[in-house]
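Structure file upload-v6.csv (CSV, C-alpha atoms) is printed below.
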chain,number,residue,atom,x,y,z
P,1,MET,CA,0.0,0.0,0.0
P,2,PHE,CA,1.2,3.5,-0.7
P,3,HIS,CA,1.8,5.8,2.2
P,4,ALA,CA,2.4,9.5,1.7
P,5,PHE,CA,5.2,10.0,4.2
P,6,ASP,CA,6.0,13.5,3.0
P,7,THR,CA,2.8,15.0,4.1
P,8,GLU,CA,2.6,16.7,7.4
P,9,PRO,CA,0.6,14.7,10.0
P,10,ALA,CA,-2.0,17.4,10.5
P,11,GLY,CA,-3.3,17.3,14.0
P,12,ARG,CA,-2.3,13.7,14.6
P,13,PRO,CA,0.5,12.9,17.0
P,14,LEU,CA,3.9,12.1,15.6
P,15,ASP,CA,4.1,8.6,14.3
P,16,ARG,CA,7.5,6.8,14.5
P,17,ALA,CA,7.2,5.2,11.1
P,18,GLN,CA,6.5,8.6,9.7
P,19,TRP,CA,9.5,10.4,11.2
P,20,MET,CA,11.8,7.4,10.3
P,21,ALA,CA,10.8,7.8,6.7
P,22,THR,CA,11.4,11.6,6.8
P,23,LEU,CA,14.8,11.1,8.5
P,24,ALA,CA,15.8,8.6,5.9
P,25,ARG,CA,15.4,11.2,3.2
P,26,ALA,CA,16.7,14.1,5.1
P,27,PRO,CA,19.9,15.7,3.6
P,28,LEU,CA,23.0,15.5,5.8
P,29,ASP,CA,23.4,19.2,6.0
P,30,LEU,CA,20.1,19.6,7.7
P,31,LEU,CA,20.7,16.6,10.1
P,32,GLU,CA,24.1,17.7,11.4
P,33,PRO,CA,23.2,21.1,12.7
P,34,ALA,CA,19.8,20.1,14.1
P,35,LEU,CA,21.3,17.3,16.3
P,36,GLY,CA,24.1,19.6,17.5
P,37,ALA,CA,26.2,18.1,20.3
P,38,HIS,CA,24.4,14.7,20.1
P,39,ALA,CA,25.9,14.2,16.6
P,40,GLN,CA,29.4,14.4,18.0
P,41,CYS,CA,29.2,11.9,20.9
P,42,THR,CA,30.2,8.3,20.3
P,43,PRO,CA,27.2,6.1,19.9
P,44,HIS,CA,26.7,2.8,21.6
P,45,TRP,CA,26.2,0.5,18.7
P,46,LEU,CA,23.7,-2.4,18.8
P,47,ARG,CA,24.4,-2.8,15.1
P,48,PRO,CA,27.1,-0.7,13.5
P,49,PRO,CA,26.3,0.8,10.1
P,50,GLU,CA,26.4,-1.8,7.4
P,51,THR,CA,25.6,-1.4,3.7
P,52,GLY,CA,23.8,-4.1,1.7
P,53,LEU,CA,21.3,-4.7,-1.1
P,54,VAL,CA,17.6,-4.7,-0.8
P,55,MET,CA,15.3,-6.0,-3.6
P,56,VAL,CA,12.6,-3.4,-4.3
P,57,GLN,CA,9.2,-4.7,-5.5
P,58,GLY,CA,6.6,-2.8,-7.3
P,59,ARG,CA,3.2,-3.2,-8.9
P,60,ALA,CA,2.4,-1.8,-12.4
P,61,GLY,CA,0.0,1.0,-11.8
P,62,GLY,CA,0.0,0.2,-8.1
P,63,THR,CA,-2.5,-2.6,-8.6
P,64,GLY,CA,-1.0,-5.3,-10.9
P,65,GLN,CA,1.1,-8.3,-10.1
P,66,ARG,CA,4.1,-7.8,-7.8
P,67,PHE,CA,7.4,-7.8,-9.7
P,68,ASN,CA,11.0,-7.1,-8.8
P,69,VAL,CA,12.0,-3.6,-9.8
P,70,GLY,CA,15.6,-3.9,-8.9
P,71,GLU,CA,18.1,-3.9,-6.1
P,72,VAL,CA,18.9,-0.7,-4.2
P,73,THR,CA,21.8,0.0,-1.8
P,74,VAL,CA,20.7,0.4,1.8
P,75,THR,CA,22.7,1.3,4.9
P,76,ARG,CA,21.2,0.4,8.2
P,77,CYS,CA,22.2,0.7,11.8
P,78,ALA,CA,20.9,0.5,15.4
P,79,LEU,CA,22.2,2.4,18.4
P,80,ARG,CA,21.4,3.0,22.0
P,81,LEU,CA,21.5,6.5,23.6
P,82,GLY,CA,23.9,7.0,26.5
P,83,GLY,CA,25.4,3.5,26.3
P,84,THR,CA,23.8,2.0,29.4
P,85,ASP,CA,24.0,-1.6,30.4
P,86,ALA,CA,21.8,-4.1,28.5
P,87,ARG,CA,20.2,-5.4,31.7
P,88,GLY,CA,20.0,-2.0,33.5
P,89,ASP,CA,16.5,-0.6,34.1
P,90,THR,CA,17.8,2.7,32.9
P,91,ALA,CA,18.2,1.3,29.4
P,92,SER,CA,17.5,4.2,27.1
P,93,ALA,CA,15.8,4.4,23.8
P,94,VAL,CA,17.1,2.5,20.8
P,95,GLY,CA,17.2,4.3,17.5
P,96,VAL,CA,17.1,2.4,14.2
P,97,ALA,CA,17.7,3.7,10.7
P,98,TYR,CA,17.4,2.3,7.2
P,99,VAL,CA,18.7,4.8,4.7
P,100,LEU,CA,19.1,4.6,0.9
P,101,GLY,CA,22.7,4.8,-0.2
P,102,ARG,CA,26.1,4.2,1.3
P,103,SER,CA,26.4,7.0,3.8
P,104,HIS,CA,27.2,5.6,7.2
P,105,ARG,CA,27.0,9.0,8.7
P,106,HIS,CA,23.5,9.6,7.4
P,107,ALA,CA,22.4,6.2,8.9
P,108,GLN,CA,24.0,7.1,12.2
P,109,LEU,CA,22.4,10.5,12.5
P,110,ALA,CA,19.0,9.2,11.4
P,111,ALA,CA,19.1,6.5,14.0
P,112,LEU,CA,20.3,9.1,16.6
P,113,ALA,CA,17.4,11.4,15.7
P,114,ASP,CA,15.0,8.4,15.9
P,115,ALA,CA,16.2,7.6,19.4
P,116,LEU,CA,15.9,11.2,20.5
P,117,LEU,CA,12.4,11.6,19.1
P,118,GLN,CA,11.1,8.7,21.2
P,119,ASP,CA,11.7,10.9,24.3
P,120,PRO,CA,8.4,12.8,24.7
P,121,GLU,CA,10.3,15.8,26.2
P,122,ARG,CA,12.6,16.3,23.3
P,123,GLN,CA,10.0,15.5,20.6
P,124,GLU,CA,8.5,18.9,20.3
P,125,LEU,CA,11.8,20.7,20.0
P,126,LEU,CA,13.3,18.3,17.5
P,127,ASN,CA,10.1,18.3,15.5
P,128,THR,CA,10.4,22.1,14.9
P,129,GLN,CA,14.2,22.1,14.6
P,130,LEU,CA,14.5,19.1,12.4
P,131,LEU,CA,11.4,17.4,11.0
P,132,VAL,CA,9.7,20.6,9.8
P,133,PRO,CA,12.7,21.9,7.9
P,134,VAL,CA,13.2,18.5,6.4
P,135,ARG,CA,9.6,18.2,5.3
P,136,HIS,CA,9.8,21.7,3.8
P,137,HIS,CA,13.0,20.7,2.0
P,138,LEU,CA,11.4,17.5,0.6
P,139,ALA,CA,8.3,19.4,-0.5
P,140,LEU,CA,10.4,22.0,-2.2
P,141,GLN,CA,12.5,19.3,-3.9
P,142,ARG,CA,9.4,17.6,-5.1
P,143,ALA,CA,7.9,20.8,-6.4
P,144,ARG,CA,11.1,21.6,-8.3
P,145,ARG,CA,11.2,18.2,-9.9
P,146,HIS,CA,7.6,18.4,-10.8
P,147,ALA,CA,8.1,21.8,-12.4
P,148,ARG,CA,11.1,20.5,-14.4
P,149,ALA,CA,9.0,17.5,-15.6
P,150,GLN,CA,6.1,19.8,-16.5
P,151,SER,CA,8.3,21.9,-18.8
P,152,SER,CA,8.6,18.9,-21.2
P,153,LYS,CA,5.0,17.8,-20.9
P,154,VAL,CA,3.4,16.9,-24.2
P,155,GLU,CA,-0.3,17.2,-24.7
P,156,PHE,CA,-1.8,14.7,-27.2
P,157,PHE,CA,-4.8,15.9,-29.1
P,158,THR,CA,-7.0,14.0,-31.4
P,159,VAL,CA,-7.9,16.1,-34.4
P,160,ALA,CA,-11.6,16.3,-34.7
P,161,ARG,CA,-12.9,14.8,-37.9
P,162,GLU,CA,-15.5,16.1,-40.2
P,163,ALA,CA,-18.8,16.0,-38.3
P,164,GLY,CA,-20.7,13.8,-40.8
P,165,VAL,CA,-18.1,11.1,-40.9
P,166,ALA,CA,-17.7,11.0,-37.2
P,167,ASP,CA,-21.4,10.5,-36.7
P,168,GLU,CA,-21.5,7.7,-39.1
P,169,GLU,CA,-18.6,5.8,-37.4
P,170,GLU,CA,-20.1,6.4,-34.0
P,171,GLY,CA,-23.3,4.9,-35.2
P,172,ASN,CA,-21.6,1.7,-36.4
P,173,GLU,CA,-19.9,1.1,-33.0
A,1,MET,CA,9.7,-9.6,24.9
A,2,SER,CA,8.3,-8.7,21.6
A,3,ALA,CA,10.3,-8.9,18.4
A,4,HIS,CA,10.1,-5.2,17.9
A,5,ASP,CA,11.1,-4.1,21.4
A,6,LEU,CA,14.7,-3.3,21.2
A,7,SER,CA,15.0,-1.2,24.4
A,8,LYS,CA,16.4,-4.1,26.5
A,9,LEU,CA,18.5,-5.6,23.8
A,10,GLY,CA,22.3,-6.1,24.4
A,11,ALA,CA,24.9,-5.5,21.8
A,12,GLY,CA,26.7,-8.2,19.9
A,13,PHE,CA,30.4,-8.5,19.4
A,14,SER,CA,32.0,-5.1,19.4
A,15,ASP,CA,33.9,-6.1,16.2
A,16,ALA,CA,31.7,-8.7,14.4
A,17,ALA,CA,34.5,-10.2,12.3
A,18,LEU,CA,37.2,-10.5,15.0
A,19,GLY,CA,34.7,-11.5,17.7
A,20,SER,CA,33.1,-14.2,15.8
A,21,GLN,CA,36.4,-15.5,14.5
A,22,SER,CA,37.9,-15.9,17.9
A,23,VAL,CA,34.8,-17.7,19.1
A,24,PHE,CA,34.8,-19.9,16.0
A,25,ARG,CA,38.4,-20.7,16.6
A,26,ALA,CA,37.5,-21.9,20.2
A,27,ALA,CA,34.6,-24.0,18.7
A,28,LEU,CA,37.0,-25.7,16.3
A,29,GLN,CA,39.4,-26.3,19.1
A,30,SER,CA,36.8,-27.9,21.3
A,31,LEU,CA,35.5,-30.2,18.5
A,32,SER,CA,39.0,-31.3,17.5
A,33,HIS,CA,39.9,-32.0,21.1
A,34,PRO,CA,36.7,-33.5,22.6
A,35,GLY,CA,36.6,-33.3,26.3
A,36,ARG,CA,39.0,-30.4,26.6
A,37,VAL,CA,37.6,-27.4,28.4
A,38,ILE,CA,38.1,-24.4,26.2
A,39,ALA,CA,37.6,-20.9,27.4
A,40,LEU,CA,35.4,-18.7,25.3
A,41,PRO,CA,36.6,-15.1,25.4
A,42,HIS,CA,34.1,-12.6,23.9
A,43,ASP,CA,32.8,-9.1,24.5
A,44,ALA,CA,29.1,-9.6,23.6
A,45,GLN,CA,26.4,-8.5,26.0
A,46,ALA,CA,24.7,-11.8,26.4
A,47,PRO,CA,21.0,-12.1,27.1
A,48,SER,CA,19.8,-12.6,30.7
A,49,ARG,CA,18.8,-16.3,30.3
A,50,GLY,CA,21.3,-18.9,29.3
A,51,HIS,CA,25.0,-19.0,29.6
A,52,ALA,CA,27.1,-16.3,28.0
A,53,ALA,CA,29.4,-18.8,26.4
A,54,SER,CA,26.5,-20.5,24.6
A,55,ALA,CA,25.1,-17.2,23.5
A,56,ALA,CA,28.4,-16.1,22.1
A,57,LEU,CA,28.9,-19.4,20.4
A,58,LEU,CA,25.5,-19.3,18.7
A,59,LEU,CA,26.1,-15.6,17.8
A,60,ALA,CA,29.3,-16.7,15.9
A,61,LEU,CA,27.8,-19.7,14.2
A,62,LEU,CA,24.3,-18.6,13.2
A,63,ASP,CA,23.3,-16.7,10.1
A,64,PRO,CA,20.0,-16.0,8.3
A,65,ASP,CA,20.1,-19.4,6.6
A,66,CYS,CA,20.1,-21.3,9.9
A,67,THR,CA,17.1,-22.6,11.8
A,68,LEU,CA,17.3,-22.6,15.6
A,69,TRP,CA,15.3,-24.4,18.3
A,70,LEU,CA,15.3,-22.9,21.8
A,71,SER,CA,14.3,-24.7,24.9
A,72,PRO,CA,11.1,-23.2,26.4
A,73,SER,CA,12.6,-20.9,29.0
A,74,LEU,CA,15.0,-19.5,26.4
A,75,ALA,CA,12.2,-19.0,23.8
A,76,ASP,CA,10.3,-16.9,26.4
A,77,SER,CA,13.4,-14.8,27.3
A,78,ASP,CA,15.2,-12.0,25.6
A,79,ALA,CA,17.7,-14.6,24.2
A,80,ALA,CA,15.3,-15.3,21.2
A,81,ALA,CA,15.1,-11.6,20.3
A,82,TRP,CA,18.8,-11.1,20.8
A,83,LEU,CA,19.8,-14.0,18.4
A,84,ARG,CA,17.1,-13.0,15.9
A,85,PHE,CA,18.3,-9.4,15.9
A,86,HIS,CA,22.0,-10.1,15.6
A,87,THR,CA,22.1,-13.2,13.4
A,88,GLY,CA,18.8,-13.1,11.5
A,89,CYS,CA,18.4,-16.9,12.2
A,90,VAL,CA,14.9,-18.5,11.8
A,91,LEU,CA,13.3,-19.8,15.1
A,92,VAL,CA,11.4,-23.1,14.7
A,93,ASP,CA,9.0,-24.8,17.1
A,94,ALA,CA,10.0,-28.5,16.4
A,95,PRO,CA,13.4,-29.8,17.4
A,96,ASN,CA,13.6,-32.0,14.3
A,97,GLN,CA,13.4,-29.0,12.0
A,98,ALA,CA,16.3,-27.2,13.6
A,99,GLN,CA,19.9,-27.1,12.4
A,100,PHE,CA,20.9,-25.7,15.8
A,101,ALA,CA,19.4,-26.1,19.2
A,102,TRP,CA,20.1,-24.4,22.5
A,103,VAL,CA,18.9,-26.0,25.8
A,104,ALA,CA,19.2,-23.8,28.9
A,105,GLN,CA,20.3,-25.2,32.2
A,106,GLY,CA,17.2,-26.6,34.1
A,107,ASP,CA,15.2,-27.1,31.0
A,108,GLU,CA,14.3,-30.5,29.8
A,109,CYS,CA,16.4,-31.6,26.9
A,110,PRO,CA,14.4,-33.5,24.2
A,111,PRO,CA,15.7,-37.0,23.6
A,112,LEU,CA,18.7,-36.7,21.3
A,113,GLU,CA,17.1,-38.8,18.6
A,114,ARG,CA,14.4,-36.1,18.1
A,115,PHE,CA,17.0,-33.8,16.6
A,116,ALA,CA,17.9,-34.0,12.9
A,117,HIS,CA,20.5,-36.7,12.3
A,118,GLY,CA,21.1,-36.2,8.6
A,119,SER,CA,21.2,-39.0,6.2
A,120,ASP,CA,23.9,-41.5,5.1
A,121,ALA,CA,24.4,-39.5,1.9
A,122,TYR,CA,24.3,-36.1,3.7
A,123,PRO,CA,25.4,-36.6,7.3
A,124,ASP,CA,26.2,-32.8,7.4
A,125,GLN,CA,22.5,-32.1,7.5
A,126,SER,CA,22.3,-32.9,11.2
A,127,ALA,CA,21.7,-30.7,14.1
A,128,THR,CA,24.3,-29.0,16.3
A,129,CYS,CA,23.2,-28.7,19.9
A,130,VAL,CA,24.4,-26.5,22.7
A,131,LEU,CA,23.6,-27.8,26.1
A,132,ASP,CA,24.0,-25.5,29.2
A,133,VAL,CA,25.4,-27.3,32.2
A,134,ALA,CA,26.4,-26.0,35.7
A,135,ALA,CA,30.1,-26.7,35.5
A,136,LEU,CA,32.8,-28.5,33.4
A,137,ILE,CA,35.8,-29.9,35.2
A,138,GLU,CA,38.6,-31.4,33.1
A,139,GLY,CA,40.1,-34.5,34.6
A,140,GLY,CA,37.6,-34.7,37.4
A,141,ALA,CA,37.8,-37.8,39.6
A,142,ALA,CA,34.2,-38.7,39.3
A,143,GLY,CA,33.1,-38.3,35.8
A,144,TRP,CA,33.2,-39.6,32.3
A,145,THR,CA,36.0,-41.2,30.3
A,146,LEU,CA,36.0,-40.1,26.7
A,147,ARG,CA,37.5,-42.0,23.8
A,148,GLY,CA,37.6,-41.4,20.1
A,149,PRO,CA,39.2,-39.3,17.3
A,150,GLY,CA,41.1,-36.3,18.7
A,151,ILE,CA,41.8,-38.0,22.0
A,152,LYS,CA,45.0,-39.8,22.8
A,153,ASP,CA,44.0,-43.0,24.6
A,154,CYS,CA,41.4,-41.4,26.8
A,155,THR,CA,40.5,-38.2,28.6
A,156,ARG,CA,38.4,-37.5,31.7
A,157,ILE,CA,35.8,-34.9,32.3
A,158,GLU,CA,33.2,-34.2,35.0
A,159,VAL,CA,30.0,-32.6,34.0
A,160,ALA,CA,27.8,-31.1,36.7
A,161,GLY,CA,24.2,-30.1,36.2
A,162,LEU,CA,23.0,-32.2,33.2
A,163,PRO,CA,19.3,-31.8,32.2
A,164,ARG,CA,16.7,-33.4,34.4
A,165,ALA,CA,16.9,-36.9,32.9
A,166,GLY,CA,20.4,-37.2,34.3
A,167,ALA,CA,23.7,-38.6,33.3
A,168,PRO,CA,22.8,-42.3,32.8
A,169,ALA,CA,20.0,-41.4,30.4
A,170,PHE,CA,22.2,-39.0,28.6
A,171,ILE,CA,25.0,-41.6,28.2
A,172,ALA,CA,22.5,-44.1,26.8
A,173,GLN,CA,21.2,-41.5,24.3
A,174,TRP,CA,24.8,-40.6,23.4
A,175,ALA,CA,25.7,-44.2,22.7
A,176,ALA,CA,22.8,-44.5,20.4
A,177,ASN,CA,23.8,-41.2,18.7
A,178,HIS,CA,27.4,-42.6,18.3
A,179,ALA,CA,26.1,-45.9,16.9
A,180,GLY,CA,24.4,-44.2,14.0
A,181,PHE,CA,27.6,-42.9,12.6
A,182,PRO,CA,28.0,-41.2,10.0
A,183,ARG,CA,24.7,-39.8,11.0
A,184,GLY,CA,24.2,-38.2,14.4
A,185,ILE,CA,24.3,-34.8,16.1
A,186,ASP,CA,27.3,-32.9,17.4
A,187,LEU,CA,27.1,-31.4,20.9
A,188,PHE,CA,28.6,-28.5,22.8
A,189,LEU,CA,28.4,-28.6,26.6
A,190,ALA,CA,28.6,-25.0,27.9
A,191,ALA,CA,29.5,-23.7,31.3
A,192,PRO,CA,29.0,-20.0,31.9
A,193,GLN,CA,32.4,-19.1,30.3
A,194,GLN,CA,33.7,-22.4,28.8
A,195,ILE,CA,32.7,-25.0,26.3
A,196,VAL,CA,33.4,-28.6,25.7
A,197,GLY,CA,32.9,-30.2,22.3
A,198,LEU,CA,31.4,-33.6,21.9
A,199,PRO,CA,31.4,-34.6,18.2
A,200,ARG,CA,29.4,-37.7,17.2
A,201,THR,CA,32.6,-39.7,16.9
A,202,THR,CA,33.3,-39.5,20.7
A,203,ARG,CA,32.4,-42.4,23.0
A,204,ILE,CA,31.4,-41.8,26.6
A,205,GLU,CA,32.1,-44.3,29.4
A,206,GLU,CA,31.1,-43.7,32.9
A,207,LEU,CA,34.1,-44.2,35.2
A,208,GLY,CA,34.3,-47.6,36.7
A,209,THR,CA,32.5,-49.4,33.9
Can you dump the structure from the file as structure tokens?
Amino acid sequence: MFHAFDTEPAGRPLDRAQWMATLARAPLDLLEPALGAHAQCTPHWLRPPETGLVMVQGRAGGTGQRFNVGEVTVTRCALRLGGTDARGDTASAVGVAYVLGRSHRHAQLAALADALLQDPERQELLNTQLLVPVRHHLALQRARRHARAQSSKVEFFTVAREAGVADEEEGNE
Amino acid sequence: MSAHDLSKLGAGFSDAALGSQSVFRAALQSLSHPGRVIALPHDAQAPSRGHAASAALLLALLDPDCTLWLSPSLADSDAAAWLRFHTGCVLVDAPNQAQFAWVAQGDECPPLERFAHGSDAYPDQSATCVLDVAALIEGGAAGWTLRGPGIKDCTRIEVAGLPRAGAPAFIAQWAANHAGFPRGIDLFLAAPQQIVGLPRTTRIEELGT
């Protein structure tokens, strides 16, 4: 099923799947400054960043039979904030990221932001500092791409035939 | 613990390649010298249930193509999620479908003949079992005498805390397992920090018999 992850969740509370999708497409130069000091600290890895291939499937027209579109490069990682003990009750949030491409730094920052966003106290601030600008950036990028595609749009017209002939043919059908 | 709850999950080897290689080396050592107690150094944050040595051993051996059976108390603990997350292995409900099995200390071990034994043409398609025990003492006075390939003459080992059925039942099952050669399972006995390998070629005699 198709989910529009770019659209702002109007009125609804922030959804983890939604912000993970947004973070995965956020450009690095928006992630780095928004995370500030958090971006510099050494993460406690559950799974260090690793790059692999994922088979992407699609449906023709969104409805037909499923088929393999092709493989894409994906980098994933999982980290824990603060680096507390596995058995400690103070175990903090775990951030996970799956990011297109080979950028380990991007995966790390996206996972870090995911972990921070799970903390209700930090959520509001990070939403305005990070998610809103990223959504804005993605919308802008989309609009720009749309405009570029529109410039080469071709309209196909069927030249109307002589009225009499057309009527005759319509009658035969 | 649900499969999606990562908040209590421990980390795996700090360096996946070097960590699993050193554990794999120890596993090879223990299978080539049955009955020798081999220390298993590792830096993984093992789950709360089950011995750390068995957890590290399975962490090194498993991959997404492997099927794993866990004894009931392990299947209910964070060990299942931990191994699933770090290795991607497939958990199965029936012991005979599993390529690997892990039995926690205090849990009942299914009879060994219920695990996959492979066939005469493909004896490699048998299960590898990891059995948690309380302690492993090499050369213990009261214990087993082991004979077979990899052992010069004989070696002695004392195993404390075998599953509920006890040592005599285990030795009888092991004799049946050995008799089916080339088919049969391979076993690791695991103490909290050490392992002992028992390949299917090894014979166990109780001292005094």
So which residues touch range 113-120 of chain P within 10 Å, counting only C-alpha atoms, skipping near sequence neighbours fewer than 2 positions away, as an MDAnalysis selection string? chainID P and resid 14:17 19:20 23 31 34:35 38:39 78:81 92:97 107:111 122:127 130:131
Considering all atoms listed in the file, state which residue in the set A:Asp5, A:Asp186, A:Asp132, A:Asp43 is at the smallest distance from chain P.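 That would be A:Asp5, the residue with the smallest distance to chain P.
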Counting only C-alpha atoms, closest pick from P:Gly82, P:Gly64, P:Pro133, P:Pro48 relative to Ala11 in chain A is P:Pro48
Define the interface residues of chain A facing chain P as those within 7 Å, counting all atoms listed in the file, and report them as a PyMOL selection string. chain A and resi 6-12+45
How would the residues just picked look written out with C-alpha atoms as a PDB file, in the coordinates of the input?
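Saved as out.pdb:
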ATOM      1  CA  LEU A   6      14.700  -3.300  21.200  1.00  0.00           C
ATOM      2  CA  SER A   7      15.000  -1.200  24.400  1.00  0.00           C
ATOM      3  CA  LYS A   8      16.400  -4.100  26.500  1.00  0.00           C
ATOM      4  CA  LEU A   9      18.500  -5.600  23.800  1.00  0.00           C
ATOM      5  CA  GLY A  10      22.300  -6.100  24.400  1.00  0.00           C
ATOM      6  CA  ALA A  11      24.900  -5.500  21.800  1.00  0.00           C
ATOM      7  CA  GLY A  12      26.700  -8.200  19.900  1.00  0.00           C
ATOM      8  CA  GLN A  45      26.400  -8.500  26.000  1.00  0.00           C
TER       9      GLN A  45
END
Identify, on the basis of all atoms listed in the file, every residue whose closest approach to Trp69 in chain A does not exceed 8 Å; exclude the query and any residue fewer than 5 positions from it along the same chain; express the result as a list of chain:residue names.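 With the cut-off at 8 Å, the set is A:Leu91, A:Val92, A:Asp93, A:Ala94, A:Pro95, A:Ala98, A:Gln99, A:Phe100, A:Ala101, A:Trp102.
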Computed gap from CA of Val99 in chain P to CA of Arg66 in chain P is 23.0 Å
With only C-alpha atoms as the atoms that count, which of A:Ser48, A:Gln125, A:Ser30, A:Thr145 lies nearest to Leu187 in chain A? A:Ser30
Considering all atoms listed in the file, state which residue in the set A:Thr201, A:Ser32, A:Ser119, A:Gln194 is at the smallest distance from Glu138 in chain A.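 Of the candidates, the smallest distance to Glu138 in chain A is held by A:Gln194.
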Among listed residues A:Pro192, A:Pro163, A:Gly148, A:Gly143, nearest Glu206 in chain A (using all atoms listed in the file):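 Checking each candidate against Glu206 in chain A, we get A:Gly143 as the closest.
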Give me the residues near range 80-84 of chain A as a ChimeraX atom specification, where near means some atom within 9 Å (using only C-alpha atoms) and where sequence neighbours in that chain fewer than 3 positions away do not count. /A:1-6,9-12,46-47,55,58-59,62,64,70,74-77,87-91
What's the separation between CA of Lys152 in chain A and CA of His33 in chain A, in Å to one decimal place? 9.5 Å
How far is it from CA of Gly197 in chain A to CA of Ala135 in chain A, in Å with one decimal?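 Atom-to-atom, CA of Gly197 in chain A to CA of Ala135 in chain A, that is 13.9 Å.
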From the set P:Gly61, P:Lys153, P:Leu112, P:Ala24, which residue has the shortest atom-to-atom contact distance to Val74 in chain P, counting all atoms listed in the file?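 For Val74 in chain P, the nearest of the candidates is P:Ala24.
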Around the point (32.7, -31.7, 36.8), in the coordinates given by the file, pick out the residues reaching within 8 Å, counting only C-alpha atoms, and return them as a PyMOL selection string. chain A and resi 135-138+140+142-143+157-160
